[in-house]
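Okay, structure.cif is below, mmCIF, C-alpha atoms and all ligand atoms:
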```cif
data_work
#
loop_
_atom_site.label_atom_id
_atom_site.label_comp_id
_atom_site.auth_asym_id
_atom_site.auth_seq_id
_atom_site.Cartn_x
_atom_site.Cartn_y
_atom_site.Cartn_z
CA MET P 1422 -67.56 -138.60 -35.85
CA ILE P 1423 -69.41 -136.25 -38.19
CA ALA P 1424 -72.88 -135.63 -36.75
CA HIS P 1425 -75.71 -135.48 -39.27
CA SER P 1426 -79.42 -135.00 -38.96
CA ASP P 1427 -81.52 -138.13 -39.07
CA THR P 1428 -81.34 -138.76 -42.83
CA SER P 1429 -78.63 -141.32 -43.66
CA ILE P 1430 -78.28 -140.18 -47.28
CA VAL P 1431 -75.68 -137.42 -47.37
CA THR P 1432 -74.57 -136.35 -50.82
CA ILE P 1433 -71.07 -134.95 -51.31
CA ASP P 1434 -72.60 -131.56 -52.12
CA ARG P 1435 -74.48 -131.51 -48.82
CA PHE P 1436 -71.38 -132.66 -46.94
CA ILE P 1437 -69.22 -129.95 -48.55
CA ILE P 1438 -71.79 -127.28 -47.60
CA GLU P 1439 -72.00 -128.55 -44.01
CA GLN P 1440 -68.22 -128.60 -43.74
CA GLU P 1441 -67.99 -125.07 -45.16
CA ALA P 1442 -70.50 -123.84 -42.55
CA LYS P 1443 -67.95 -124.75 -39.88
CA PHE P 1444 -65.60 -122.07 -41.27
CA PRO P 1445 -67.39 -118.67 -40.88
CA GLU P 1446 -64.67 -117.00 -42.91
CA ALA P 1447 -65.14 -119.43 -45.81
CA THR P 1448 -65.99 -117.76 -49.10
CA GLY P 1449 -67.22 -120.94 -50.78
CA GLU P 1450 -64.39 -120.96 -53.32
CA LEU P 1451 -62.79 -124.13 -51.98
CA SER P 1452 -66.24 -125.76 -51.87
CA GLY P 1453 -66.69 -124.81 -55.50
CA ILE P 1454 -63.41 -126.53 -56.40
CA LEU P 1455 -64.51 -129.71 -54.64
CA TYR P 1456 -67.93 -129.68 -56.36
CA ASP P 1457 -66.31 -129.30 -59.76
CA LEU P 1458 -63.80 -132.09 -59.02
CA ALA P 1459 -66.71 -134.38 -58.09
CA VAL P 1460 -68.34 -133.64 -61.45
CA ALA P 1461 -65.07 -134.35 -63.28
CA ALA P 1462 -64.75 -137.61 -61.34
CA LYS P 1463 -68.21 -138.74 -62.51
CA MET P 1464 -67.30 -137.93 -66.10
CA ILE P 1465 -64.00 -139.84 -65.90
CA SER P 1466 -65.77 -142.74 -64.19
CA SER P 1467 -68.19 -143.06 -67.11
CA LYS P 1468 -65.24 -143.16 -69.53
CA VAL P 1469 -63.29 -145.70 -67.49
CA ARG P 1470 -66.35 -147.95 -67.19
CA ARG P 1471 -66.63 -148.09 -70.98
CA ALA P 1472 -62.88 -148.46 -71.63
CA GLY P 1473 -63.14 -152.15 -72.42
CA LEU P 1474 -65.85 -151.49 -74.98
CA ILE P 1475 -64.19 -148.75 -77.02
CA ASP P 1476 -62.32 -151.19 -79.25
CA ILE P 1477 -65.51 -153.14 -79.82
CA LEU P 1478 -67.66 -150.07 -80.39
CA GLY P 1479 -65.15 -147.94 -82.24
CA ALA P 1480 -61.98 -149.06 -84.00
CA ALA P 1481 -58.83 -147.96 -82.18
CA GLY P 1482 -57.10 -145.03 -83.82
CA SER P 1483 -60.29 -143.55 -85.26
CA ASP P 1484 -63.44 -141.85 -84.01
CA ASN P 1485 -65.16 -143.90 -81.34
CA VAL P 1486 -68.90 -143.99 -80.63
CA GLN P 1487 -68.74 -140.66 -78.80
CA GLY P 1488 -67.24 -139.07 -81.89
CA GLU P 1489 -63.95 -138.57 -80.01
CA HIS P 1490 -60.68 -139.35 -81.71
CA GLN P 1491 -59.36 -142.50 -80.06
CA GLN P 1492 -57.09 -141.21 -77.28
CA LYS P 1493 -55.47 -142.78 -74.26
CA LEU P 1494 -57.81 -142.50 -71.30
CA ASP P 1495 -55.31 -140.54 -69.24
CA VAL P 1496 -55.24 -137.89 -71.98
CA ILE P 1497 -59.04 -137.83 -71.96
CA ALA P 1498 -59.13 -137.66 -68.14
CA ASN P 1499 -56.62 -134.80 -68.24
CA ALA P 1500 -58.84 -132.85 -70.64
CA ILE P 1501 -61.95 -133.54 -68.55
CA ILE P 1502 -60.37 -132.14 -65.37
CA THR P 1503 -58.79 -129.17 -67.15
CA LYS P 1504 -62.09 -128.19 -68.80
CA ALA P 1505 -64.11 -128.80 -65.63
CA MET P 1506 -61.81 -126.61 -63.52
CA ASP P 1507 -60.59 -123.79 -65.77
CA HIS P 1508 -63.66 -121.52 -65.78
CA GLY P 1509 -64.84 -121.46 -62.12
CA GLY P 1510 -62.79 -118.40 -61.20
CA ARG P 1511 -61.28 -120.15 -58.14
CA LEU P 1512 -57.94 -121.24 -59.61
CA CYS P 1513 -55.05 -119.15 -60.86
CA ALA P 1514 -53.19 -122.11 -62.39
CA MET P 1515 -53.15 -125.90 -62.62
CA ALA P 1516 -50.51 -128.60 -63.06
CA SER P 1517 -50.93 -132.15 -64.32
CA GLU P 1518 -48.75 -135.21 -64.65
CA GLU P 1519 -49.81 -135.17 -68.30
CA GLU P 1520 -48.43 -131.69 -69.02
CA GLU P 1521 -44.82 -130.51 -68.79
CA GLY P 1522 -45.51 -126.94 -67.70
CA ILE P 1523 -48.18 -125.30 -65.59
CA ILE P 1524 -51.65 -125.01 -67.16
CA ALA P 1525 -52.75 -121.37 -67.46
CA ILE P 1526 -56.34 -120.29 -66.88
CA PRO P 1527 -57.75 -119.26 -70.30
CA PRO P 1528 -57.80 -115.45 -70.77
CA GLN P 1529 -61.60 -115.30 -70.89
CA PHE P 1530 -61.90 -116.63 -67.34
CA LYS P 1531 -61.18 -114.96 -63.96
CA CYS P 1532 -58.26 -116.15 -61.86
CA GLY P 1533 -58.81 -117.18 -58.25
CA LYS P 1534 -56.64 -117.69 -55.18
CA TYR P 1535 -55.99 -121.45 -55.41
CA VAL P 1536 -53.84 -123.78 -57.48
CA LEU P 1537 -54.79 -127.35 -58.39
CA LEU P 1538 -52.27 -130.13 -59.07
CA PHE P 1539 -53.43 -133.53 -60.26
CA ASP P 1540 -52.62 -136.90 -61.72
CA PRO P 1541 -55.67 -137.39 -63.94
CA LEU P 1542 -55.51 -141.16 -64.25
CA ASP P 1543 -52.75 -142.85 -62.31
CA GLY P 1544 -51.95 -146.41 -63.25
CA SER P 1545 -53.81 -146.06 -66.55
CA SER P 1546 -51.82 -148.94 -68.10
CA ASN P 1547 -53.84 -151.18 -65.75
CA ILE P 1548 -57.08 -150.30 -67.53
CA ASP P 1549 -56.44 -152.83 -70.29
CA VAL P 1550 -56.48 -155.61 -67.69
CA ASN P 1551 -59.37 -154.19 -65.66
CA VAL P 1552 -57.32 -153.29 -62.62
CA PRO P 1553 -58.62 -150.28 -60.60
CA VAL P 1554 -57.07 -146.92 -61.46
CA GLY P 1555 -57.36 -143.50 -59.86
CA THR P 1556 -57.31 -139.72 -60.00
CA ILE P 1557 -55.28 -137.84 -57.37
CA PHE P 1558 -55.53 -134.10 -56.61
CA SER P 1559 -54.02 -131.44 -54.37
CA VAL P 1560 -55.18 -127.85 -53.70
CA MET P 1561 -53.03 -125.04 -52.28
CA ARG P 1562 -53.42 -121.27 -51.88
CA ARG P 1563 -51.36 -119.13 -54.24
CA VAL P 1564 -48.31 -117.49 -52.65
CA THR P 1565 -47.49 -115.00 -55.44
CA PRO P 1566 -49.07 -111.56 -55.03
CA GLY P 1567 -51.85 -110.16 -57.19
CA THR P 1568 -54.92 -111.64 -58.81
CA GLY P 1569 -53.46 -112.61 -62.17
CA HIS P 1570 -52.19 -115.92 -63.48
CA GLY P 1571 -50.47 -118.24 -61.06
CA LYS P 1572 -46.81 -119.11 -61.40
CA LEU P 1573 -44.55 -122.11 -60.86
CA LYS P 1574 -43.72 -120.74 -57.41
CA ASP P 1575 -47.37 -121.20 -56.41
CA MET P 1576 -46.97 -124.92 -57.16
CA LEU P 1577 -43.61 -125.49 -55.45
CA GLN P 1578 -44.93 -125.53 -51.89
CA SER P 1579 -44.44 -128.29 -49.33
CA GLY P 1580 -47.33 -130.64 -48.60
CA VAL P 1581 -48.17 -129.01 -45.27
CA LYS P 1582 -49.46 -126.05 -47.29
CA GLN P 1583 -52.25 -128.10 -48.87
CA VAL P 1584 -55.77 -126.84 -48.08
CA ALA P 1585 -57.47 -129.85 -49.65
CA ALA P 1586 -56.44 -133.16 -51.19
CA GLY P 1587 -58.08 -136.32 -52.37
CA TYR P 1588 -58.35 -139.18 -54.77
CA VAL P 1589 -60.95 -141.03 -56.81
CA ILE P 1590 -60.68 -144.79 -57.19
CA TYR P 1591 -62.38 -146.35 -60.21
CA GLY P 1592 -62.75 -149.85 -58.82
CA SER P 1593 -65.64 -152.24 -58.16
CA SER P 1594 -67.35 -148.98 -57.33
CA THR P 1595 -66.19 -145.41 -57.86
CA MET P 1596 -65.23 -143.69 -54.62
CA MET P 1597 -64.02 -140.16 -53.93
CA VAL P 1598 -62.02 -139.63 -50.73
CA TYR P 1599 -60.99 -136.11 -49.72
CA THR P 1600 -59.85 -133.98 -46.81
CA THR P 1601 -59.79 -130.25 -46.07
CA GLY P 1602 -57.88 -130.83 -42.84
CA ARG P 1603 -60.90 -131.94 -40.77
CA GLY P 1604 -60.69 -135.69 -41.25
CA ALA P 1605 -60.74 -137.84 -44.36
CA HIS P 1606 -64.14 -138.76 -45.77
CA GLY P 1607 -65.19 -141.26 -48.43
CA PHE P 1608 -68.09 -141.01 -50.87
CA THR P 1609 -69.34 -143.83 -53.09
CA LEU P 1610 -70.89 -143.05 -56.46
CA ASP P 1611 -74.44 -144.33 -56.92
CA PRO P 1612 -74.51 -144.57 -60.72
CA SER P 1613 -78.29 -144.95 -60.74
CA ILE P 1614 -78.67 -141.33 -59.56
CA GLY P 1615 -75.21 -139.96 -60.44
CA GLU P 1616 -74.50 -138.86 -56.88
CA PHE P 1617 -71.54 -139.43 -54.57
CA LEU P 1618 -73.04 -140.54 -51.22
CA LEU P 1619 -71.20 -140.39 -47.88
CA SER P 1620 -70.17 -144.00 -47.22
CA HIS P 1621 -66.98 -143.66 -45.13
CA PRO P 1622 -67.24 -140.67 -42.75
CA ASP P 1623 -64.10 -139.75 -40.81
CA ILE P 1624 -61.89 -142.63 -42.01
CA ARG P 1625 -59.44 -143.97 -39.40
CA THR P 1626 -56.59 -146.16 -40.63
CA PRO P 1627 -55.48 -148.94 -38.20
CA ASN P 1628 -52.23 -148.22 -36.36
CA ALA P 1629 -50.92 -151.70 -37.16
CA GLY P 1630 -50.53 -152.77 -40.78
CA LYS P 1631 -52.19 -155.85 -42.25
CA TYR P 1632 -50.87 -155.41 -45.79
CA LEU P 1633 -47.43 -154.78 -47.28
CA SER P 1634 -47.42 -153.24 -50.76
CA VAL P 1635 -43.98 -153.13 -52.40
CA ASN P 1636 -42.49 -154.30 -55.70
CA ASP P 1637 -39.85 -156.90 -54.81
CA ALA P 1638 -38.35 -156.80 -58.29
CA TYR P 1639 -36.23 -153.86 -57.13
CA GLU P 1640 -34.74 -155.68 -54.11
CA ARG P 1641 -31.31 -155.94 -55.72
CA TYR P 1642 -31.30 -152.16 -56.19
CA TRP P 1643 -32.30 -151.35 -52.59
CA SER P 1644 -29.86 -150.34 -49.87
CA GLU P 1645 -29.22 -152.85 -47.06
CA PRO P 1646 -31.36 -150.90 -44.52
CA VAL P 1647 -34.31 -151.03 -46.96
CA ARG P 1648 -33.79 -154.76 -47.49
CA ALA P 1649 -33.68 -155.27 -43.70
CA LEU P 1650 -36.89 -153.25 -43.31
CA MET P 1651 -38.70 -155.38 -45.90
CA ARG P 1652 -37.47 -158.57 -44.17
CA ARG P 1653 -38.89 -157.17 -40.94
CA TYR P 1654 -42.26 -156.42 -42.58
CA ARG P 1655 -42.29 -160.01 -43.87
CA GLY P 1656 -41.63 -161.45 -40.41
CA LEU P 1657 -38.33 -162.95 -41.57
CA ASP P 1658 -36.67 -161.62 -38.41
CA THR P 1659 -38.67 -164.37 -36.60
CA GLN P 1660 -39.92 -162.24 -33.69
CA HIS P 1661 -42.78 -160.70 -35.70
CA ASP P 1662 -45.73 -161.99 -37.70
CA PRO P 1663 -45.53 -161.27 -41.44
CA MET P 1664 -47.88 -158.84 -43.16
CA ASN P 1665 -49.85 -160.08 -46.15
CA VAL P 1666 -48.24 -158.90 -49.37
CA ARG P 1667 -50.73 -157.18 -51.66
CA TYR P 1668 -49.33 -155.25 -54.64
CA VAL P 1669 -51.70 -154.35 -57.48
CA GLY P 1670 -49.28 -151.98 -59.21
CA SER P 1671 -51.86 -149.21 -59.12
CA LEU P 1672 -51.01 -146.64 -56.45
CA VAL P 1673 -54.55 -145.52 -55.63
CA ALA P 1674 -55.81 -149.13 -55.41
CA ASP P 1675 -52.96 -150.21 -53.14
CA PHE P 1676 -53.21 -147.06 -51.02
CA HIS P 1677 -57.00 -147.24 -50.62
CA ARG P 1678 -56.97 -150.90 -49.52
CA ASN P 1679 -54.25 -150.18 -46.96
CA LEU P 1680 -55.98 -147.00 -45.74
CA LEU P 1681 -59.14 -148.93 -44.87
CA GLY P 1682 -57.54 -152.24 -43.78
CA GLY P 1683 -54.23 -151.06 -42.33
CA GLY P 1684 -50.90 -151.51 -44.06
CA ILE P 1685 -47.95 -149.82 -45.67
CA PHE P 1686 -47.21 -148.94 -49.28
CA ALA P 1687 -43.53 -148.50 -50.04
CA TYR P 1688 -41.76 -147.28 -53.16
CA PRO P 1689 -38.19 -146.98 -51.82
CA ALA P 1690 -35.30 -145.16 -53.40
CA ASN P 1691 -33.13 -147.55 -55.38
CA THR P 1692 -29.88 -147.36 -57.32
CA LYS P 1693 -31.80 -147.21 -60.62
CA THR P 1694 -34.17 -144.43 -59.48
CA PRO P 1695 -32.63 -142.65 -56.47
CA ASN P 1696 -35.84 -140.69 -55.87
CA GLY P 1697 -38.18 -143.61 -56.47
CA LYS P 1698 -40.87 -143.37 -59.13
CA LEU P 1699 -43.83 -141.55 -57.61
CA ARG P 1700 -44.39 -137.84 -57.95
CA LEU P 1701 -44.22 -135.67 -54.82
CA LEU P 1702 -46.64 -132.85 -55.62
CA TYR P 1703 -49.62 -134.68 -57.08
CA GLU P 1704 -49.21 -138.25 -55.85
CA GLY P 1705 -47.27 -138.43 -52.56
CA ASN P 1706 -48.39 -135.21 -50.90
CA PRO P 1707 -52.16 -135.50 -51.45
CA LEU P 1708 -52.17 -139.14 -50.30
CA ALA P 1709 -49.99 -138.17 -47.33
CA PHE P 1710 -52.49 -135.46 -46.32
CA ILE P 1711 -55.35 -137.98 -46.49
CA CYS P 1712 -53.30 -140.60 -44.62
CA GLU P 1713 -52.28 -138.26 -41.79
CA GLN P 1714 -55.88 -137.05 -41.43
CA ALA P 1715 -56.90 -140.70 -41.05
CA GLY P 1716 -54.28 -141.24 -38.30
CA GLY P 1717 -51.53 -142.67 -40.49
CA ALA P 1718 -48.17 -141.27 -41.60
CA ALA P 1719 -46.01 -140.76 -44.69
CA ILE P 1720 -42.24 -140.29 -45.05
CA ASN P 1721 -39.69 -140.29 -47.85
CA GLY P 1722 -37.34 -142.50 -45.82
CA ARG P 1723 -35.63 -139.50 -44.20
CA GLN P 1724 -38.38 -137.09 -43.12
CA ARG P 1725 -42.11 -136.43 -43.04
CA LEU P 1726 -43.09 -136.35 -46.69
CA MET P 1727 -45.27 -133.26 -46.37
CA GLU P 1728 -42.29 -131.26 -45.07
CA VAL P 1729 -40.18 -131.82 -48.18
CA VAL P 1730 -39.69 -128.52 -50.01
CA PRO P 1731 -40.09 -129.20 -53.74
CA THR P 1732 -37.78 -127.67 -56.33
CA GLU P 1733 -39.33 -129.08 -59.50
CA LEU P 1734 -42.94 -129.53 -60.61
CA HIS P 1735 -42.63 -133.21 -61.52
CA GLU P 1736 -40.05 -134.23 -58.95
CA ARG P 1737 -40.18 -137.74 -57.61
CA ALA P 1738 -39.85 -138.84 -53.98
CA PRO P 1739 -39.40 -142.19 -52.27
CA LEU P 1740 -42.61 -143.08 -50.42
CA TYR P 1741 -43.47 -145.04 -47.27
CA ILE P 1742 -47.13 -144.38 -46.46
CA GLY P 1743 -49.79 -146.02 -44.28
CA SER P 1744 -50.28 -147.30 -40.74
CA LYS P 1745 -48.45 -145.30 -38.10
CA ASN P 1746 -46.65 -148.27 -36.50
CA GLU P 1747 -45.22 -149.44 -39.82
CA VAL P 1748 -44.09 -145.98 -40.91
CA GLU P 1749 -42.44 -145.47 -37.51
CA MET P 1750 -40.67 -148.81 -38.03
CA ALA P 1751 -39.39 -147.51 -41.37
CA THR P 1752 -38.21 -144.26 -39.76
CA ARG P 1753 -36.24 -146.24 -37.14
CA MET P 1754 -34.74 -148.80 -39.51
CA LEU P 1755 -33.80 -146.28 -42.22
CA GLU P 1756 -32.09 -143.96 -39.72
CA THR P 1757 -28.71 -145.25 -40.92
CA ASP P 1758 -29.72 -145.04 -44.59
CA ARG P 1759 -28.54 -141.47 -44.97
P1 LIG I 1 -43.80 -150.41 -60.53
C1 LIG I 1 -48.43 -147.01 -62.13
O1 LIG I 1 -47.63 -146.99 -63.29
C2 LIG I 1 -47.64 -146.31 -61.03
O2 LIG I 1 -47.38 -144.99 -61.37
C3 LIG I 1 -48.41 -146.39 -59.71
O3 LIG I 1 -49.79 -146.35 -59.88
C4 LIG I 1 -47.93 -147.70 -59.13
O4 LIG I 1 -47.99 -147.73 -57.72
C5 LIG I 1 -46.48 -147.75 -59.61
O5 LIG I 1 -46.42 -147.00 -60.82
C6 LIG I 1 -46.03 -149.16 -59.89
O6 LIG I 1 -44.65 -149.06 -60.27
O7 LIG I 1 -42.39 -149.92 -60.75
O8 LIG I 1 -43.92 -151.26 -59.28
O9 LIG I 1 -44.44 -151.06 -61.73
#
```

Serialized structure, structure tokens:
Amino acid sequence: MIAHSDTSIVTIDRFIIEQEAKFPEATGELSGILYDLAVAAKMISSKVRRAGLIDILGAAGSDNVQGEHQQKLDVIANAIITKAMDHGGRLCAMASEEEEGIIAIPPQFKCGKYVLLFDPLDGSSNIDVNVPVGTIFSVMRRVTPGTGHGKLKDMLQSGVKQVAAGYVIYGSSTMMVYTTGRGAHGFTLDPSIGEFLLSHPDIRTPNAGKYLSVNDAYERYWSEPVRALMRRYRGLDTQHDPMNVRYVGSLVADFHRNLLGGGIFAYPANTKTPNGKLRLLYEGNPLAFICEQAGGAAINGRQRLMEVVPTELHERAPLYIGSKNEVEMATRMLETDR
């Protein structure tokens, strides 16, 4: 449990500073990255909250009320994060689901020792139907020598090399959940003061799952071991109670519910997409870091997800992530699915 002085109101800035104080060798650069990400999250939240109004307030395809050309919100979110993070002097490169190659730090700004990878607005197609969406981010130290621009090699590191990871869920409230390897902590945005306040210190995910999140439409494309595993999760093997099926179709929403309530999210390999759909570097790995810090687990069906060595920036990986018992069940039942 994170001990705090008697005030119950802990802003994310205060929490970051108190966490940094625990690392005497800390330079404050990682803290600066987290501050700036929190600011970007607030800016994206304000855009997402107004998404339903843009068509009413500004005709699609033209300038909207903010004078911005009408763009998809994930493009806007991508620009918000890029602009919020490119000048702090802490990063030597970035990578985004929205951009094919790595994002260079503009020449007028100093390069730092970290790289940031992110999915600016995952599940953005759900915005039109008011389903929660999310931002996911991962921070690693550069591995290439020097102090200049980062390279692709700095991005292609396994998940165990992450120094920080987190997500923002734009749901009934906006929450930011992050870890630096000392637990996973959740902060809820109070829009009346524009501050993220500590609401979920040291999150622990239940060992036993309550929810199963998987898209059954792919059942005919799954291998037999995967089908057997899903039957087991549904209690169709008679000896076990079924889990409740909850699948929103928005990764961050499904993951967050299962993290707090206990459950497993699965996007198995299938014959149509042998590596599943979700991206390893800026979706699977950051959520896996959070999940493991909360006492859960994450695999790709064959091994611990965070030990996979990536070869491409946007590579996909099958994902089984959540409560420890359920992930261990998947490990056992997929043993033969080699
Ligand atoms: P499917 C949204 O498009 C997304 O990337 C994730 O947020 C979500 O978990 C997944 O795809 C849903 O994919 O194939 O079940 O529609």

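Nearest to Ile1557 (chain P) of all the residues P:Ile1454, P:Leu1701, P:Val1635, P:Leu1538 is P:Leu1538, counting all atoms listed in the file.
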
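Nearest residue to Asn1547 (chain P), choosing from P:Thr1600, P:Ile1720, P:Val1431, P:Tyr1591 and counting only C-alpha atoms: P:Tyr1591.
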
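Based on only C-alpha atoms and all ligand atoms, the protein and nucleic acid residues found within 6 Å of ligand LIG 1 (chain I) are, by chain and then by number, P:Asp1543, P:Gly1544, P:Asn1636, P:Gly1670, P:Ser1671, P:Leu1672.
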
* Contacts of region 1614-1629 of chain P at 7 Å or less, counting all atoms listed in the file, minus same-chain residues fewer than 6 places along, as JSON, numbers by chain? -> {"P": [1422, 1423, 1430, 1431, 1432, 1433, 1604, 1605, 1606, 1607, 1608, 1680, 1681, 1682, 1683, 1684, 1715, 1716, 1717, 1744, 1745, 1746, 1747]}

* Using all atoms listed in the file, find the one residue out of P:Arg1603, P:Arg1737, P:Arg1723, P:Arg1563 that sits nearest to Asp1758 (chain P). => P:Arg1723

* Asked: Leaving out Tyr1668 (chain P) and any residue of its chain fewer than 3 positions from it, which residues lie within 12 Å of it when counting all atoms listed in the file, given as a list in words?
  -> Val1552, Tyr1632, Leu1633, Ser1634, Val1635, Asn1636, Asp1637, Ala1638, Asn1665, Ser1671, Leu1672, Val1673, Ala1674, Asp1675, Phe1676, His1677, Arg1678, Asn1679, Gly1684, Ile1685, Phe1686, Ala1687 and Tyr1688 of chain P

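Within 8 Å of Leu1512 (chain P), once all atoms listed in the file are used and residues closer than 2 positions along the same chain are dropped, the contacting residues are Met1506, Asp1507, Gly1509, Gly1510, Ala1514, Met1515, Ile1526, Cys1532, Gly1533, Lys1534, Tyr1535, Val1536 and Leu1537 of chain P.
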
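Between Thr1694 (chain P) and the residues P:Ala1738, P:Leu1755, P:Ile1465, P:Ile1437, the shortest atom-to-atom distance, using only C-alpha atoms, involves P:Ala1738.
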
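Picture a line from CA of Phe1539 (chain P) to CA of Ser1517 (chain P); it runs 5.0 Å.
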
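Of note, CA of Pro1707 (chain P) and CA of Arg1562 (chain P) are spaced 14.3 Å apart.
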
* What is the distance, in Å and to one decimal place, between CA of Cys1513 (chain P) and CA of Glu1446 (chain P)? -> 20.5 Å
